[in-house]
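Written out below as structure tokens is the structure these notes cover.
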2 protein chains.
Amino acid sequence: MPDIMTPFGLAIDLETGDMVAATNRLVRRASDMRGYYADAEALDRLIQEQDDPLHYEVFELPVPPENGQLMYCISKLQPGQVGQEFFMTKGHYHSVSATAEIYLCLAGRGYMVMKTAEGKWATEEMMRGRMVYVPPHWAHRSVNTDANETLVSFCVYPGDAGHNYGDIEREGLGKRVFQRGGDIVLE
Amino acid sequence: MPDIMTPFGLAIDLETGDMVAATNRLVRRASDMRGYYADAEALDRLIQEQDDPLHYEVFELPVPPENGQLMYCISKLQPGQVGQEFFMTKGHYHSVSATAEIYLCLAGRGYMVMKTAEGKWATEEMMRGRMVYVPPHWAHRSVNTDANETLVSFCVYPGDAGHNYGDIEREGLGKRVFQRGGDIVLE
């Protein structure tokens, strides 16, 4: 007989992504992002001048990390730039590489930037009401390209997926998203 | 080398649930629900008098039905009653019983009614912005208790979960949801 879990419900604000029942809050500040941006000096200035500002947060009420379960969370990525590069998340593969992730964007504007270990890359636009399907084997990072609004997404992924940050920390995501003049440019 | 799928995005209206990119539309009419409601004669009258009205629809753009993928869909359940029993979906276990499902309600009001094969049952309220976690091994059915509004949910479940409708068709969900006088009653 398997151990039977009890069903539950919780409220998610579909405008702001607020999830008051969340028990876990992962916080990344600018200083946690050292090594990720093209312009390391611009990041150091940001940390100094703005007192190490909030970069992004992930809210969750976890379930058992097992195959068959579904992890879910709210991701909130602040607007801003490091030099001309837009604020972004660290990005990760899943530890179990053959697992997908669904992002349902609730607010803001940006991109999901994705790559495979074999060097393919892809981007998908994110905006309120847009769902992005990150297939198995794709590393993924969200990038906030809005000047003012937080990029908010509801995310679901298999319970046993896990996170592999190290590979992206070393190899990057292949493309970066910059503001060049008035344009949003992938380079 | 695994076969690498291409990422994609699609639009979901976060008020109505409209998913215009959907390629599959599952339609259940009142006549598809024979055997499910307590009052079979009331269902027959509904089918006769309202020309077999729409009961619920499921919209999807499917991904490969494999472990590691994530199926997702929009479910739209019409308001109405069969006698005093509120409109509901057929309800199902997953074929791979040890798989969860997440429902994020976008519109309407109702209940998720759930049971295990061992006879436990549970309900969770559904309303806009409420997420319900249906753990592994729980059969589940949504019930629309609003007088006018469609109950709309965004759903995610493991790619290999599958659907087992037969067990619920035979054994029911343990509890039914009725309107008795002005009250919503589980019996």
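Note on naming: chains are A, B, ... as they come in the structure tokens, residues start from 1 per chain, ligands start from 1 in the order shown.
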Using only C-alpha atoms, which residues sit within 7 Å of region 104-117 of chain B once same-chain residues fewer than 6 positions away are excluded, as an mmCIF file with C-alpha atoms, in the first residue's frame?
```
data_model
loop_
_atom_site.group_PDB
_atom_site.id
_atom_site.type_symbol
_atom_site.label_atom_id
_atom_site.label_comp_id
_atom_site.auth_asym_id
_atom_site.auth_seq_id
_atom_site.Cartn_x
_atom_site.Cartn_y
_atom_site.Cartn_z
ATOM 1 C CA LEU B 14 -6.522 34.032 -18.076
ATOM 2 C CA GLU B 15 -10.133 35.196 -17.722
ATOM 3 C CA THR B 16 -12.000 32.807 -20.070
ATOM 4 C CA GLY B 17 -9.457 29.995 -20.500
ATOM 5 C CA THR B 123 -13.202 17.917 -1.463
ATOM 6 C CA GLU B 124 -11.486 21.198 -2.254
ATOM 7 C CA GLU B 125 -13.180 24.433 -3.178
ATOM 8 C CA MET B 126 -12.568 25.802 -6.651
ATOM 9 C CA MET B 127 -12.766 29.463 -7.535
ATOM 10 C CA ARG B 128 -10.728 31.887 -9.607
ATOM 11 C CA GLY B 129 -7.130 31.891 -8.365
ATOM 12 C CA ARG B 130 -7.433 28.721 -6.355
ATOM 13 C CA MET B 131 -5.011 25.893 -7.118
ATOM 14 C CA VAL B 132 -5.994 22.362 -6.163
ATOM 15 C CA HIS B 137 -3.787 7.755 -6.280
ATOM 16 C CA TRP B 138 -6.783 10.126 -5.970
ATOM 17 C CA ALA B 139 -9.636 9.922 -8.480
ATOM 18 C CA HIS B 140 -10.992 13.414 -9.124
ATOM 19 C CA ARG B 141 -14.010 15.132 -10.602
ATOM 20 C CA SER B 142 -14.886 18.816 -10.824
ATOM 21 C CA VAL B 143 -18.389 20.060 -10.002
ATOM 22 C CA ASN B 144 -19.751 23.457 -11.030
ATOM 23 C CA THR B 145 -21.890 24.973 -8.264
ATOM 24 C CA ASP B 146 -22.364 28.404 -9.812
ATOM 25 C CA GLU B 149 -20.698 30.925 -14.744
ATOM 26 C CA THR B 150 -18.614 28.239 -16.493
ATOM 27 C CA LEU B 151 -16.019 26.564 -14.243
ATOM 28 C CA VAL B 152 -12.691 27.015 -16.040
ATOM 29 C CA SER B 153 -9.421 25.374 -14.997
ATOM 30 C CA PHE B 154 -5.894 25.101 -16.336
ATOM 31 C CA CYS B 155 -4.678 21.564 -15.617
ATOM 32 C CA LEU B 173 -16.865 9.320 -6.433
ATOM 33 C CA GLY B 174 -18.339 8.597 -3.000
#
```
Next on the checklist: Based on the backbone DSSP call, show me all residues of region 14-177 of chain B assigned strand (DSSP E), as a PyMOL selection string.
Outcome noted: chain B and resi 24-29+54-60+70-77+81-82+85-86+101-107+109-116+121-127+130-134+138-144+151-158+177
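With only C-alpha atoms taken into account, chain A has Pro7, Phe8, Gly9, Leu10, Ala11, Ile12, Asp13, Leu14, Gly68, Gln69, Ala98, Thr99, Ala100, Gly129, Arg130, Met131, Val132, Tyr133, Val134 and Pro135 of chain A at most 6 Å from chain B.
The set of residues in region 80-173 of chain B assigned to helix (DSSP H, G or I) by DSSP, using only backbone atoms of this structure, is Gly166, Asp167, Ile168, Glu169, Arg170 and Glu171 of chain B.
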Prev. selection, N, CA, C and O atoms, output as a PDB file, in the first residue's frame:
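Saved the output as out38.pdb:
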```pdb
ATOM      1  N   GLY B 166     -13.220   4.047 -16.273  1.00  0.00           N
ATOM      2  CA  GLY B 166     -14.107   2.911 -15.991  1.00  0.00           C
ATOM      3  C   GLY B 166     -14.385   2.704 -14.514  1.00  0.00           C
ATOM      4  O   GLY B 166     -15.533   2.467 -14.118  1.00  0.00           O
ATOM      5  N   ASP B 167     -13.366   2.818 -13.675  1.00  0.00           N
ATOM      6  CA  ASP B 167     -13.557   2.549 -12.247  1.00  0.00           C
ATOM      7  C   ASP B 167     -14.552   3.530 -11.626  1.00  0.00           C
ATOM      8  O   ASP B 167     -15.385   3.137 -10.813  1.00  0.00           O
ATOM      9  N   ILE B 168     -14.462   4.802 -12.027  1.00  0.00           N
ATOM     10  CA  ILE B 168     -15.388   5.796 -11.466  1.00  0.00           C
ATOM     11  C   ILE B 168     -16.788   5.625 -12.046  1.00  0.00           C
ATOM     12  O   ILE B 168     -17.793   5.809 -11.344  1.00  0.00           O
ATOM     13  N   GLU B 169     -16.891   5.228 -13.301  1.00  0.00           N
ATOM     14  CA  GLU B 169     -18.202   4.960 -13.897  1.00  0.00           C
ATOM     15  C   GLU B 169     -18.910   3.870 -13.088  1.00  0.00           C
ATOM     16  O   GLU B 169     -20.116   3.943 -12.854  1.00  0.00           O
ATOM     17  N   ARG B 170     -18.146   2.876 -12.635  1.00  0.00           N
ATOM     18  CA  ARG B 170     -18.740   1.777 -11.861  1.00  0.00           C
ATOM     19  C   ARG B 170     -18.977   2.153 -10.408  1.00  0.00           C
ATOM     20  O   ARG B 170     -20.037   1.886  -9.840  1.00  0.00           O
ATOM     21  N   GLU B 171     -17.996   2.785  -9.775  1.00  0.00           N
ATOM     22  CA  GLU B 171     -18.025   2.918  -8.309  1.00  0.00           C
ATOM     23  C   GLU B 171     -18.392   4.318  -7.832  1.00  0.00           C
ATOM     24  O   GLU B 171     -18.643   4.508  -6.648  1.00  0.00           O
TER      25      GLU B 171
END
```
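Nearest to Arg34 (chain B) of all the residues B:Gly80, B:His55, B:Gln50, B:Leu186 is B:His55, based on only C-alpha atoms.
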